[in-house]
file start.cif (mmCIF, C-alpha atoms)
data_final
#
loop_
_atom_site.label_atom_id
_atom_site.label_comp_id
_atom_site.auth_asym_id
_atom_site.auth_seq_id
_atom_site.Cartn_x
_atom_site.Cartn_y
_atom_site.Cartn_z
CA MET X 3 95.74 119.27 116.05
CA ILE X 4 95.45 118.90 119.82
CA GLU X 5 92.15 120.15 121.17
CA ILE X 6 89.59 119.88 123.92
CA VAL X 7 86.14 120.79 122.66
CA SER X 8 82.72 121.05 124.21
CA GLU X 9 80.74 120.45 121.02
CA LYS X 10 80.38 117.37 118.85
CA ILE X 11 83.77 116.27 117.47
CA ASP X 12 84.23 116.99 113.77
CA ILE X 13 85.79 113.77 112.52
CA THR X 14 86.23 114.94 108.93
CA LYS X 15 88.27 117.90 110.14
CA ILE X 16 90.51 115.61 112.18
CA LEU X 17 91.04 113.33 109.20
CA GLN X 18 92.04 116.33 107.09
CA SER X 19 94.43 117.46 109.80
CA VAL X 20 96.55 114.31 109.42
CA GLU X 21 96.41 113.92 105.64
CA ASP X 22 99.81 113.84 104.05
CA ASN X 23 100.74 112.90 100.49
CA SER X 24 103.66 110.82 101.70
CA ALA X 25 101.47 108.87 104.12
CA GLY X 26 100.20 105.47 103.05
CA GLY X 27 97.90 104.90 105.96
CA ILE X 28 95.86 106.59 108.64
CA ASP X 29 94.70 104.85 111.75
CA MET X 30 91.89 106.54 113.63
CA PHE X 31 90.50 105.59 117.00
CA ILE X 32 87.09 106.86 117.99
CA GLY X 33 86.01 106.35 121.58
CA THR X 34 82.25 106.38 121.93
CA THR X 35 80.03 106.34 124.98
CA ARG X 36 78.58 102.94 125.74
CA ASP X 37 74.98 102.45 126.86
CA ASN X 38 76.06 100.16 129.67
CA SER X 39 78.73 99.89 132.32
CA LYS X 40 79.32 96.97 134.66
CA GLY X 41 75.96 95.54 133.74
CA LYS X 42 74.01 98.73 134.39
CA SER X 43 72.24 100.87 131.84
CA VAL X 44 73.99 104.24 131.31
CA LEU X 45 71.75 107.21 130.51
CA ARG X 46 74.44 109.73 129.63
CA LEU X 47 77.99 110.78 130.42
CA GLU X 48 79.79 113.92 131.33
CA TYR X 49 83.47 114.61 131.02
CA GLU X 50 85.46 117.11 133.04
CA ALA X 51 89.04 118.17 132.33
CA TYR X 52 91.84 120.10 133.95
CA ILE X 53 92.08 121.78 130.58
CA PRO X 54 95.55 123.40 130.48
CA MET X 55 97.25 120.35 131.95
CA ALA X 56 95.22 117.97 129.78
CA LEU X 57 96.30 119.86 126.65
CA LYS X 58 99.89 119.81 127.85
CA LYS X 59 99.78 116.04 128.38
CA MET X 60 98.06 115.46 125.04
CA ASN X 61 100.84 117.44 123.36
CA GLU X 62 103.42 115.35 125.20
CA ILE X 63 101.76 112.15 123.97
CA ALA X 64 101.82 113.44 120.38
CA GLY X 65 105.48 114.38 120.71
CA GLU X 66 106.43 111.06 122.23
CA ALA X 67 104.57 109.17 119.48
CA LYS X 68 106.53 111.10 116.87
CA THR X 69 109.76 110.20 118.64
CA ARG X 70 109.00 106.51 118.90
CA TRP X 71 107.45 105.86 115.47
CA ASN X 72 107.98 107.11 111.96
CA ILE X 73 104.68 108.91 111.71
CA LYS X 74 103.72 112.00 109.73
CA LYS X 75 100.97 113.69 111.70
CA ILE X 76 98.97 112.97 114.82
CA SER X 77 95.82 114.61 116.16
CA LEU X 78 94.08 114.15 119.49
CA VAL X 79 90.71 115.74 120.21
CA HIS X 80 88.80 115.14 123.43
CA ARG X 81 85.27 116.30 124.08
CA ILE X 82 84.13 117.46 127.51
CA GLY X 83 80.74 118.24 129.02
CA LYS X 84 77.69 116.14 128.31
CA VAL X 85 78.14 113.40 125.72
CA GLU X 86 75.18 111.36 124.52
CA ILE X 87 75.29 107.57 124.11
CA GLY X 88 76.96 106.63 120.84
CA GLU X 89 78.69 109.98 120.40
CA ALA X 90 82.46 110.32 120.27
CA SER X 91 84.30 111.48 123.38
CA ILE X 92 87.80 111.04 121.96
CA VAL X 93 89.20 110.89 118.44
CA ILE X 94 92.83 110.14 117.70
CA ALA X 95 94.24 109.98 114.17
CA VAL X 96 97.76 109.11 113.03
CA SER X 97 99.15 109.16 109.50
CA SER X 98 102.28 107.26 108.58
CA PRO X 99 104.11 106.04 105.50
CA HIS X 100 103.49 102.46 106.63
CA ARG X 101 100.46 101.16 108.42
CA LYS X 102 102.13 99.21 111.20
CA GLU X 103 103.43 102.41 112.72
CA ALA X 104 100.10 104.22 112.40
CA PHE X 105 98.40 101.39 114.32
CA GLU X 106 101.05 101.22 117.02
CA ALA X 107 101.27 104.98 117.55
CA CYS X 108 97.48 105.34 117.68
CA ARG X 109 97.17 102.56 120.21
CA TYR X 110 99.98 104.05 122.28
CA ALA X 111 98.23 107.44 122.21
CA ILE X 112 94.86 106.20 123.47
CA ASP X 113 96.41 103.86 126.05
CA THR X 114 98.61 106.64 127.41
CA LEU X 115 95.85 109.24 127.32
CA LYS X 116 93.74 107.00 129.51
CA LYS X 117 96.56 106.78 132.04
CA ILE X 118 97.93 110.29 132.34
CA VAL X 119 95.62 112.94 130.88
CA PRO X 120 93.60 114.66 133.62
CA ILE X 121 90.12 114.09 132.27
CA TRP X 122 87.33 112.39 134.18
CA LYS X 123 84.16 110.66 133.12
CA LYS X 124 80.97 110.61 135.14
CA GLU X 125 78.33 108.03 134.35
CA PHE X 126 74.68 108.75 135.00
CA PHE X 127 72.42 105.80 135.81
CA GLU X 128 68.71 105.56 136.64
CA ASP X 129 69.58 105.42 140.31
CA GLY X 130 72.53 107.75 140.60
CA GLU X 131 75.80 108.95 139.19
CA VAL X 132 79.41 107.98 139.66
CA TRP X 133 82.85 109.22 138.69
CA VAL X 134 84.46 106.40 136.77
CA ASP X 135 87.65 105.10 138.25
CA ALA X 136 89.72 103.88 135.34
CA ARG X 137 91.76 101.64 137.64
CA GLU X 138 88.74 99.36 137.97
CA GLU X 139 88.39 99.25 134.20
CA LYS X 140 91.92 98.22 133.42
CA ILE X 141 90.96 94.67 132.66
CA LEU X 142 87.94 95.69 130.67
CA SER X 143 88.72 98.50 128.32
CA MET S 27 79.10 96.87 104.88
CA ILE S 28 81.36 95.10 102.41
CA GLU S 29 81.76 97.00 99.15
CA ILE S 30 83.94 97.65 96.15
CA VAL S 31 83.30 101.12 94.76
CA SER S 32 84.63 103.11 91.84
CA GLU S 33 83.95 106.55 93.31
CA LYS S 34 85.50 108.37 96.24
CA ILE S 35 84.96 106.40 99.47
CA ASP S 36 82.37 107.94 101.81
CA ILE S 37 84.08 107.69 105.19
CA THR S 38 81.19 109.14 107.16
CA LYS S 39 78.88 106.45 105.78
CA ILE S 40 81.32 103.73 106.81
CA LEU S 41 81.59 105.16 110.29
CA GLN S 42 77.81 105.15 110.59
CA SER S 43 77.71 101.56 109.37
CA VAL S 44 79.67 100.34 112.41
CA GLU S 45 78.13 102.57 115.07
CA ASP S 46 76.62 100.60 117.92
CA ASN S 47 75.39 101.85 121.27
CA SER S 48 77.08 99.00 123.07
CA ALA S 49 80.43 99.72 121.39
CA GLY S 50 82.99 101.73 123.32
CA GLY S 51 85.46 102.12 120.51
CA ILE S 52 85.85 102.18 116.76
CA ASP S 53 89.15 101.65 115.04
CA MET S 54 89.30 102.78 111.44
CA PHE S 55 92.13 102.22 109.00
CA ILE S 56 92.32 104.38 105.90
CA GLY S 57 94.80 103.39 103.23
CA THR S 58 95.79 106.34 101.08
CA THR S 59 97.87 106.51 97.93
CA ARG S 60 101.40 107.70 98.54
CA ASP S 61 103.16 110.13 96.23
CA ASN S 62 106.27 107.96 96.14
CA SER S 63 107.26 104.31 95.87
CA LYS S 64 110.73 102.89 96.20
CA GLY S 65 112.22 106.34 95.86
CA LYS S 66 110.31 107.25 92.71
CA SER S 67 107.62 109.86 92.35
CA VAL S 68 104.17 108.34 91.77
CA LEU S 69 101.79 110.32 89.55
CA ARG S 70 98.66 108.27 90.16
CA LEU S 71 97.39 104.78 90.85
CA GLU S 72 94.84 102.45 89.45
CA TYR S 73 93.28 99.47 91.17
CA GLU S 74 91.78 96.46 89.46
CA ALA S 75 89.74 93.74 91.18
CA TYR S 76 88.33 90.32 90.47
CA ILE S 77 85.18 91.77 91.94
CA PRO S 78 83.00 88.76 92.90
CA MET S 79 85.92 86.87 94.42
CA ALA S 80 87.24 90.00 96.12
CA LEU S 81 83.85 90.60 97.75
CA LYS S 82 83.70 86.95 98.79
CA LYS S 83 87.13 87.16 100.42
CA MET S 84 86.30 90.49 102.10
CA ASN S 85 83.19 88.86 103.57
CA GLU S 86 85.29 85.94 104.78
CA ILE S 87 87.70 88.33 106.49
CA ALA S 88 84.80 90.09 108.22
CA GLY S 89 83.37 86.75 109.35
CA GLU S 90 86.70 85.50 110.61
CA ALA S 91 87.29 88.77 112.53
CA LYS S 92 83.91 88.34 114.23
CA THR S 93 84.85 84.80 115.19
CA ARG S 94 88.23 85.70 116.62
CA TRP S 95 87.38 88.89 118.48
CA ASN S 96 84.45 90.24 120.44
CA ILE S 97 83.53 92.92 117.93
CA LYS S 98 80.17 94.45 117.11
CA LYS S 99 80.38 95.48 113.46
CA ILE S 100 83.00 95.54 110.75
CA SER S 101 83.00 97.25 107.36
CA LEU S 102 85.48 96.95 104.51
CA VAL S 103 85.25 99.19 101.45
CA HIS S 104 87.82 99.10 98.65
CA ARG S 105 87.95 101.56 95.80
CA ILE S 106 88.98 100.52 92.30
CA GLY S 107 89.85 102.45 89.14
CA LYS S 108 91.91 105.60 89.20
CA VAL S 109 92.78 106.92 92.66
CA GLU S 110 94.52 110.26 93.06
CA ILE S 111 97.45 110.81 95.44
CA GLY S 112 96.20 111.29 98.99
CA GLU S 113 92.81 109.73 98.34
CA ALA S 114 91.62 106.63 100.16
CA SER S 115 91.83 103.28 98.39
CA ILE S 116 90.70 101.18 101.34
CA VAL S 117 88.73 101.94 104.50
CA ILE S 118 88.18 99.39 107.25
CA ALA S 119 86.20 100.15 110.40
CA VAL S 120 85.57 97.96 113.42
CA SER S 121 83.44 98.69 116.46
CA SER S 122 83.84 96.81 119.69
CA PRO S 123 82.90 97.10 123.36
CA HIS S 124 86.59 97.39 124.22
CA ARG S 125 89.25 99.08 122.18
CA LYS S 126 91.92 96.39 122.24
CA GLU S 127 89.72 94.13 120.14
CA ALA S 128 88.80 96.88 117.69
CA PHE S 129 92.51 97.56 117.08
CA GLU S 130 93.43 93.91 116.71
CA ALA S 131 90.53 93.02 114.42
CA CYS S 132 91.13 96.07 112.22
CA ARG S 133 94.81 95.25 111.87
CA TYR S 134 93.99 91.63 111.11
CA ALA S 135 91.52 92.74 108.43
CA ILE S 136 93.93 95.01 106.55
CA ASP S 137 96.85 92.58 106.88
CA THR S 138 94.74 89.70 105.58
CA LEU S 139 93.14 91.76 102.83
CA LYS S 140 96.59 92.58 101.51
CA LYS S 141 97.42 88.88 101.35
CA ILE S 142 94.34 87.20 99.95
CA VAL S 143 91.90 89.62 98.33
CA PRO S 144 92.30 89.62 94.53
CA ILE S 145 92.87 93.31 93.98
CA TRP S 146 95.89 94.78 92.20
CA LYS S 147 97.49 98.19 92.24
CA LYS S 148 99.26 99.74 89.28
CA GLU S 149 101.59 102.64 89.87
CA PHE S 150 102.13 105.25 87.19
CA PHE S 151 105.51 107.03 87.11
CA GLU S 152 106.96 109.70 84.82
CA ASP S 153 108.74 106.98 82.87
CA GLY S 154 106.29 104.11 82.89
CA GLU S 155 103.87 102.03 84.87
CA VAL S 156 104.09 98.87 86.92
CA TRP S 157 101.80 96.41 88.63
CA VAL S 158 102.81 96.42 92.27
CA ASP S 159 103.97 93.09 93.59
CA ALA S 160 103.06 93.07 97.25
CA ARG S 161 105.63 90.39 97.93
CA GLU S 162 108.35 92.97 97.42
CA GLU S 163 106.62 95.32 99.81
CA LYS S 164 106.31 92.96 102.70
CA ILE S 165 109.09 94.59 104.61
CA LEU S 166 107.89 98.07 103.82
CA SER S 167 104.18 98.36 104.31
CA MET Y 12 86.25 69.77 78.52
CA ASN Y 13 85.86 73.53 78.32
CA ILE Y 14 86.78 75.95 81.04
CA ASN Y 15 86.60 79.73 81.25
CA ILE Y 16 89.79 81.52 82.14
CA LYS Y 17 90.07 85.01 83.55
CA PHE Y 18 93.33 86.92 83.58
CA PHE Y 19 94.08 89.82 85.89
CA ALA Y 20 96.67 92.58 86.27
CA ALA Y 21 100.10 91.51 84.96
CA ALA Y 22 98.76 88.15 83.71
CA LYS Y 23 96.11 89.98 81.71
CA GLU Y 24 98.73 92.15 80.05
CA VAL Y 25 100.92 89.17 79.22
CA ALA Y 26 97.99 87.19 77.81
CA GLY Y 27 96.69 90.25 76.01
CA LYS Y 28 93.14 89.46 77.04
CA GLU Y 29 90.79 89.46 80.01
CA GLU Y 30 89.22 86.09 79.44
CA MET Y 31 89.08 83.16 77.10
CA GLN Y 32 87.59 79.73 76.69
CA PHE Y 33 90.08 76.92 76.84
CA SER Y 34 89.74 73.25 75.86
CA LEU Y 35 91.48 70.73 78.10
CA PRO Y 36 91.79 66.97 78.29
CA SER Y 37 89.42 65.70 80.96
CA SER Y 38 91.02 65.13 84.38
CA SER Y 39 93.31 68.09 83.86
CA THR Y 40 94.62 69.81 86.97
CA ALA Y 41 95.30 73.45 87.74
CA SER Y 42 98.96 72.62 87.25
CA SER Y 43 98.53 71.14 83.79
CA LEU Y 44 96.39 74.13 82.80
CA LEU Y 45 99.21 76.48 83.83
CA ASP Y 46 101.64 74.46 81.69
CA LEU Y 47 99.35 74.78 78.68
CA LEU Y 48 98.87 78.50 79.26
CA VAL Y 49 102.63 79.05 79.39
CA GLU Y 50 102.93 77.20 76.05
CA GLN Y 51 100.36 79.52 74.54
CA PHE Y 52 101.62 82.71 76.27
CA PRO Y 53 105.36 82.29 76.82
CA GLY Y 54 105.46 85.55 78.74
CA LEU Y 55 103.60 83.80 81.57
CA GLN Y 56 106.65 81.62 82.25
CA GLU Y 57 108.21 84.15 84.64
CA TRP Y 58 104.91 84.46 86.51
CA LYS Y 59 104.20 80.77 86.76
CA GLN Y 60 105.77 80.24 90.14
CA TYR Y 61 104.08 83.30 91.63
CA VAL Y 62 100.49 83.09 90.41
CA ARG Y 63 97.74 81.42 92.37
CA VAL Y 64 94.84 79.68 90.67
CA ALA Y 65 91.27 80.28 91.77
CA VAL Y 66 88.42 78.02 90.68
CA ASN Y 67 84.89 79.33 91.04
CA GLN Y 68 86.25 82.16 93.20
CA GLU Y 69 88.20 80.01 95.62
CA TYR Y 70 91.95 79.47 95.73
CA VAL Y 71 92.88 75.89 94.85
CA SER Y 72 96.08 73.89 95.07
CA LEU Y 73 97.96 72.95 91.92
CA ASP Y 74 96.72 69.34 91.99
CA TYR Y 75 93.09 70.47 91.94
CA ALA Y 76 91.11 68.52 89.28
CA LEU Y 77 89.27 70.91 86.99
CA ASN Y 78 85.69 70.36 85.88
CA GLU Y 79 83.70 71.31 82.81
CA ASN Y 80 82.68 74.99 82.84
CA ASP Y 81 84.82 75.86 85.86
CA GLU Y 82 85.57 79.56 86.15
CA VAL Y 83 89.32 79.61 86.51
CA ALA Y 84 91.20 82.79 87.40
CA ILE Y 85 94.91 83.39 87.13
CA ILE Y 86 95.79 85.47 90.19
CA PRO Y 87 99.13 87.30 90.19
CA PRO Y 88 100.45 88.39 93.61
CA VAL Y 89 97.78 90.70 94.98
CA SER Y 90 98.48 94.30 95.98
CA GLY Y 91 95.20 95.71 97.21
CA GLY Y 92 94.79 97.92 100.23
CA MET N 25 103.32 130.52 152.13
CA ASN N 26 100.16 130.55 150.02
CA ILE N 27 99.33 128.06 147.33
CA ASN N 28 96.36 127.69 145.03
CA ILE N 29 94.60 124.35 145.07
CA LYS N 30 92.34 122.96 142.37
CA PHE N 31 90.04 120.02 142.95
CA PHE N 32 88.64 117.83 140.18
CA ALA N 33 85.98 115.18 139.76
CA ALA N 34 85.43 113.13 142.94
CA ALA N 35 87.88 115.29 144.92
CA LYS N 36 85.94 118.39 143.93
CA GLU N 37 82.71 116.87 145.19
CA VAL N 38 84.28 115.83 148.47
CA ALA N 39 85.86 119.25 149.03
CA GLY N 40 82.69 120.95 147.88
CA LYS N 41 84.66 123.46 145.84
CA GLU N 42 86.69 123.80 142.67
CA GLU N 43 89.56 125.78 144.09
CA MET N 44 90.83 127.48 147.19
CA GLN N 45 93.81 129.33 148.59
CA PHE N 46 95.67 127.46 151.30
CA SER N 47 98.28 128.67 153.78
CA LEU N 48 101.11 126.29 154.52
CA PRO N 49 104.29 126.32 156.61
CA SER N 50 107.23 127.02 154.31
CA SER N 51 109.08 123.90 153.14
CA SER N 52 105.85 121.94 153.02
CA THR N 53 105.72 118.98 150.65
CA ALA N 54 102.93 117.59 148.50
CA SER N 55 102.55 114.89 151.12
CA SER N 56 102.12 117.27 154.02
CA LEU N 57 99.60 119.27 151.98
CA LEU N 58 97.55 116.10 151.45
CA ASP N 59 97.59 115.46 155.21
CA LEU N 60 96.30 118.96 155.89
CA LEU N 61 93.62 118.64 153.23
CA VAL N 62 92.39 115.38 154.74
CA GLU N 63 92.15 117.14 158.12
CA GLN N 64 90.02 119.86 156.57
CA PHE N 65 87.99 117.52 154.34
CA PRO N 66 87.79 114.13 156.07
CA GLY N 67 86.03 112.65 153.03
CA LEU N 68 89.33 112.88 151.19
CA GLN N 69 90.81 110.19 153.42
CA GLU N 70 89.56 107.35 151.26
CA TRP N 71 91.01 109.06 148.15
CA LYS N 72 94.36 109.90 149.65
CA GLN N 73 96.17 106.81 148.46
CA TYR N 74 94.76 107.11 144.93
CA VAL N 75 95.11 110.79 144.07
CA ARG N 76 98.12 112.20 142.30
CA VAL N 77 99.34 115.72 142.91
CA ALA N 78 100.20 118.04 140.04
CA VAL N 79 102.16 121.23 140.54
CA ASN N 80 102.03 123.85 137.83
CA GLN N 81 100.47 121.23 135.53
CA GLU N 82 103.06 118.54 136.06
CA TYR N 83 102.74 115.41 138.17
CA VAL N 84 105.06 115.49 141.18
CA SER N 85 106.12 112.93 143.75
CA LEU N 86 104.87 113.17 147.31
CA ASP N 87 108.18 114.56 148.58
CA TYR N 88 108.03 117.50 146.18
CA ALA N 89 108.72 120.78 148.01
CA LEU N 90 106.00 123.31 147.33
CA ASN N 91 106.70 126.96 146.59
CA GLU N 92 104.76 130.17 147.13
CA ASN N 93 101.95 130.59 144.59
CA ASP N 94 102.29 127.12 143.16
CA GLU N 95 99.21 125.91 141.30
CA VAL N 96 98.52 122.58 142.94
CA ALA N 97 95.91 120.17 141.55
CA ILE N 98 94.45 117.15 143.29
CA ILE N 99 94.08 114.56 140.56
CA PRO N 100 91.82 111.57 141.24
CA PRO N 101 92.34 108.50 139.02
CA VAL N 102 91.72 109.73 135.50
CA SER N 103 89.08 108.21 133.23
CA GLY N 104 89.25 110.13 129.97
CA GLY N 105 89.05 108.57 126.53
#

call {"tool": "encode", "arguments": {"input": "start.cif", "output": "structure tokens"}}
result
Amino acid sequence: MIEIVSEKIDITKILQSVEDNSAGGIDMFIGTTRDNSKGKSVLRLEYEAYIPMALKKMNEIAGEAKTRWNIKKISLVHRIGKVEIGEASIVIAVSSPHRKEAFEACRYAIDTLKKIVPIWKKEFFEDGEVWVDAREEKILS
Amino acid sequence: MIEIVSEKIDITKILQSVEDNSAGGIDMFIGTTRDNSKGKSVLRLEYEAYIPMALKKMNEIAGEAKTRWNIKKISLVHRIGKVEIGEASIVIAVSSPHRKEAFEACRYAIDTLKKIVPIWKKEFFEDGEVWVDAREEKILS
Amino acid sequence: MNINIKFFAAAKEVAGKEEMQFSLPSSSTASSLLDLLVEQFPGLQEWKQYVRVAVNQEYVSLDYALNENDEVAIIPPVSGG
Amino acid sequence: MNINIKFFAAAKEVAGKEEMQFSLPSSSTASSLLDLLVEQFPGLQEWKQYVRVAVNQEYVSLDYALNENDEVAIIPPVSGG
């Protein structure tokens, strides 16, 4: 399940999408919007995507994860548009016979998504708004 | 939220238990019962716990994770009794400002739980039943 | 002195019971308790080198000196998760 | 030749538009397109060294030779997740 959605992400549906009777473990990463950024209070966030290319890259990440690790199923769902504080902007789930591979593939997927998938986050503060430049955040997140 | 339950694990409730507006990521591990073990078909599983000591050790793991990593909240819920194939036996969730720490703390928690928490799994096959000895599984899971 | 013993998983099946009271010479250790248990339940012999002993819900080493009314648990290799 | 350009995020705000048609000498590269875009939208200058160029939804290097009707996207540093 590789999707970009503009509504609240349905986590239960994503979990079901990776269930597999031969899987012993599922690792799920849920990225949520923080109420602060570089010491400033964040009011809300908006995400924008180059949708067809983003989906293509998300599919490539899923395929590469399946090549590198013995995993059963992998799902990546990104939300775009306005996302309230505390809500999920990205959910990645990976099922695998053995947990080590689920963890590693899930971490690979989120790390790679943050580098290559054309999606952008804008943070809204009391005194303005700014497109986040992930290069500055490398050390942090 | 540190619990041992005998009913189906409520994953949504666990997710809510670690939500935090200053957290940027949640990593959740869900251990599910596989339909096979060492090449044999598994019909079902049962878990038994030394409940008070298991809860004590689960609390220690949560405390140690909070000491080692900058995490916000951590929940560990283990199910005991009969668990059907594909159902969750363990769910661990960790929220953290930055995802690296959520992943590492979650992995630490499940790895350590499997070593020190007094809970045992019995596998039921067509031709018998056996208490799983995790020492044999070290290489596998 | 009297201690309370709890058996779990494979140890419970070998002992045929979940718990029992056990009388021990004073200044007995976890190790000497295990020896006595193997005498009473010979099937525990093959588990002896693998089980851990917990006293009052904490793992202890084999030279741990038991006390009256300790809650002692025989912990086979765990397999939770 | 004509190509279609899409702008995103900060680049979209600097250009003041989401997409446009652009006429280029044939055998233009991604690099020469960026130079022309900076001429037209001087605010892009500060982004020039950070943006990546995607052609038909695939990242390309700066010496990539563009073709008629290519879909070219100007990709500022991404920040999804």

call {"tool": "residues_around", "arguments": {"input": "start.cif", "residues": "Trp95 (chain S)", "least_positions_apart": "6", "cutoff": "9 Å", "atoms": "all atoms listed in the file", "output": "PyMOL selection string"}}
result
chain S and resi 122+127-128+130-131

call {"tool": "interface_residues", "arguments": {"input": "start.cif", "of": "chain X", "to": "chain S", "cutoff": "8 Å", "atoms": "all atoms listed in the file", "output": "ChimeraX atom specification"}}
result
/X:14,21-38,87-88,99-102,105,109,142-143

call {"tool": "residues_around", "arguments": {"input": "start.cif", "residues": "Arg70 (chain S)", "least_positions_apart": "6", "cutoff": "7 Å", "atoms": "all atoms listed in the file", "output": "ChimeraX atom specification"}}
result
/S:109-111,149-150

call {"tool": "atom_distance", "arguments": {"input": "start.cif", "atom1": "CA of Tyr52 (chain X)", "atom2": "CA of Leu48 (chain N)"}}
result
23.4 Å

call {"tool": "atom_distance", "arguments": {"input": "start.cif", "atom1": "CA of Pro144 (chain S)", "atom2": "CA of Leu77 (chain Y)"}}
result
20.4 Å

call {"tool": "resolve_selection", "arguments": {"input": "start.cif", "expression": "the PyMOL selection byres ((chain S) within 9 of (chain Y))", "output": "NGL selection string"}}
result
:S and (56-58 or 73-76 or 78-80 or 82-83 or 104-105 or 115-117 or 136-137 or 139-148 or 156-161)

call {"tool": "atom_distance", "arguments": {"input": "start.cif", "atom1": "CA of Ser51 (chain N)", "atom2": "CA of Val38 (chain N)"}}
result
26.5 Å

call {"tool": "residues_around", "arguments": {"input": "start.cif", "residues": "Pro53 (chain Y)", "least_positions_apart": "6", "cutoff": "12 Å", "atoms": "all atoms listed in the file", "output": "list in words"}}
result
Ala22, Val25, Ala26, Gly27, Leu45, Asp46, Leu47 and Lys59 of chain Y

call {"tool": "residues_around", "arguments": {"input": "start.cif", "residues": "Arg70 (chain X)", "least_positions_apart": "2", "cutoff": "10 Å", "atoms": "only C-alpha atoms", "output": "MDAnalysis selection string"}}
result
chainID X and resid 65:68 72:73 103 106:107 110

call {"tool": "calpha_fit_and_write", "arguments": {"input": "start.cif", "fixed": "chain Y", "moving": "chain N", "output": "tab-separated table (two decimals) with C-alpha atoms, keeping the file's coordinate frame"}}
result
chain	number	residue	atom	x	y	z
N	25	MET	CA	86.26	69.75	78.52
N	26	ASN	CA	85.87	73.52	78.30
N	27	ILE	CA	86.78	75.95	81.03
N	28	ASN	CA	86.58	79.71	81.26
N	29	ILE	CA	89.78	81.51	82.14
N	30	LYS	CA	90.08	85.01	83.55
N	31	PHE	CA	93.34	86.93	83.58
N	32	PHE	CA	94.08	89.84	85.90
N	33	ALA	CA	96.67	92.56	86.26
N	34	ALA	CA	100.11	91.51	84.96
N	35	ALA	CA	98.76	88.16	83.72
N	36	LYS	CA	96.10	89.98	81.71
N	37	GLU	CA	98.73	92.14	80.05
N	38	VAL	CA	100.90	89.16	79.21
N	39	ALA	CA	97.98	87.17	77.79
N	40	GLY	CA	96.68	90.25	76.03
N	41	LYS	CA	93.12	89.45	77.04
N	42	GLU	CA	90.79	89.46	80.02
N	43	GLU	CA	89.22	86.08	79.46
N	44	MET	CA	89.08	83.15	77.11
N	45	GLN	CA	87.58	79.71	76.69
N	46	PHE	CA	90.09	76.89	76.83
N	47	SER	CA	89.75	73.24	75.85
N	48	LEU	CA	91.48	70.74	78.08
N	49	PRO	CA	91.81	66.95	78.28
N	50	SER	CA	89.41	65.69	80.94
N	51	SER	CA	91.01	65.12	84.35
N	52	SER	CA	93.30	68.09	83.85
N	53	THR	CA	94.60	69.81	86.97
N	54	ALA	CA	95.30	73.45	87.74
N	55	SER	CA	98.96	72.63	87.25
N	56	SER	CA	98.53	71.15	83.80
N	57	LEU	CA	96.39	74.14	82.80
N	58	LEU	CA	99.23	76.47	83.83
N	59	ASP	CA	101.65	74.46	81.68
N	60	LEU	CA	99.36	74.78	78.67
N	61	LEU	CA	98.88	78.50	79.26
N	62	VAL	CA	102.64	79.05	79.39
N	63	GLU	CA	102.93	77.21	76.05
N	64	GLN	CA	100.35	79.54	74.53
N	65	PHE	CA	101.63	82.69	76.26
N	66	PRO	CA	105.37	82.28	76.83
N	67	GLY	CA	105.46	85.56	78.77
N	68	LEU	CA	103.61	83.80	81.56
N	69	GLN	CA	106.65	81.64	82.27
N	70	GLU	CA	108.21	84.16	84.62
N	71	TRP	CA	104.89	84.47	86.51
N	72	LYS	CA	104.20	80.78	86.76
N	73	GLN	CA	105.78	80.25	90.15
N	74	TYR	CA	104.06	83.32	91.63
N	75	VAL	CA	100.48	83.10	90.40
N	76	ARG	CA	97.74	81.41	92.35
N	77	VAL	CA	94.84	79.68	90.66
N	78	ALA	CA	91.26	80.28	91.77
N	79	VAL	CA	88.42	78.03	90.71
N	80	ASN	CA	84.89	79.34	91.04
N	81	GLN	CA	86.27	82.17	93.20
N	82	GLU	CA	88.20	80.02	95.62
N	83	TYR	CA	91.95	79.47	95.74
N	84	VAL	CA	92.89	75.89	94.86
N	85	SER	CA	96.08	73.89	95.06
N	86	LEU	CA	97.96	72.96	91.91
N	87	ASP	CA	96.70	69.37	92.00
N	88	TYR	CA	93.07	70.48	91.94
N	89	ALA	CA	91.10	68.56	89.29
N	90	LEU	CA	89.25	70.91	86.99
N	91	ASN	CA	85.68	70.34	85.87
N	92	GLU	CA	83.71	71.31	82.79
N	93	ASN	CA	82.70	74.99	82.83
N	94	ASP	CA	84.80	75.86	85.84
N	95	GLU	CA	85.55	79.57	86.17
N	96	VAL	CA	89.31	79.61	86.52
N	97	ALA	CA	91.20	82.79	87.42
N	98	ILE	CA	94.92	83.38	87.15
N	99	ILE	CA	95.79	85.46	90.19
N	100	PRO	CA	99.13	87.29	90.20
N	101	PRO	CA	100.46	88.40	93.61
N	102	VAL	CA	97.79	90.70	94.98
N	103	SER	CA	98.50	94.30	95.98
N	104	GLY	CA	95.22	95.73	97.21
N	105	GLY	CA	94.83	97.94	100.26

call {"tool": "resolve_selection", "arguments": {"input": "start.cif", "expression": "the PyMOL selection byres ((chain S and resi 108) around 6)", "output": "number ranges by chain"}}
result
S: 71-72, 107, 109

call {"tool": "residues_around", "arguments": {"input": "start.cif", "residues": "Ala41 (chain Y)", "least_positions_apart": "5", "cutoff": "7 Å", "atoms": "only C-alpha atoms", "output": "ChimeraX atom specification"}}
result
/Y:64,73-77

call {"tool": "resolve_selection", "arguments": {"input": "start.cif", "expression": "the PyMOL selection byres ((chain Y and resi 13-16) around 8)", "output": "number ranges by chain"}}
result
Y: 12, 17-18, 30-35, 78-85
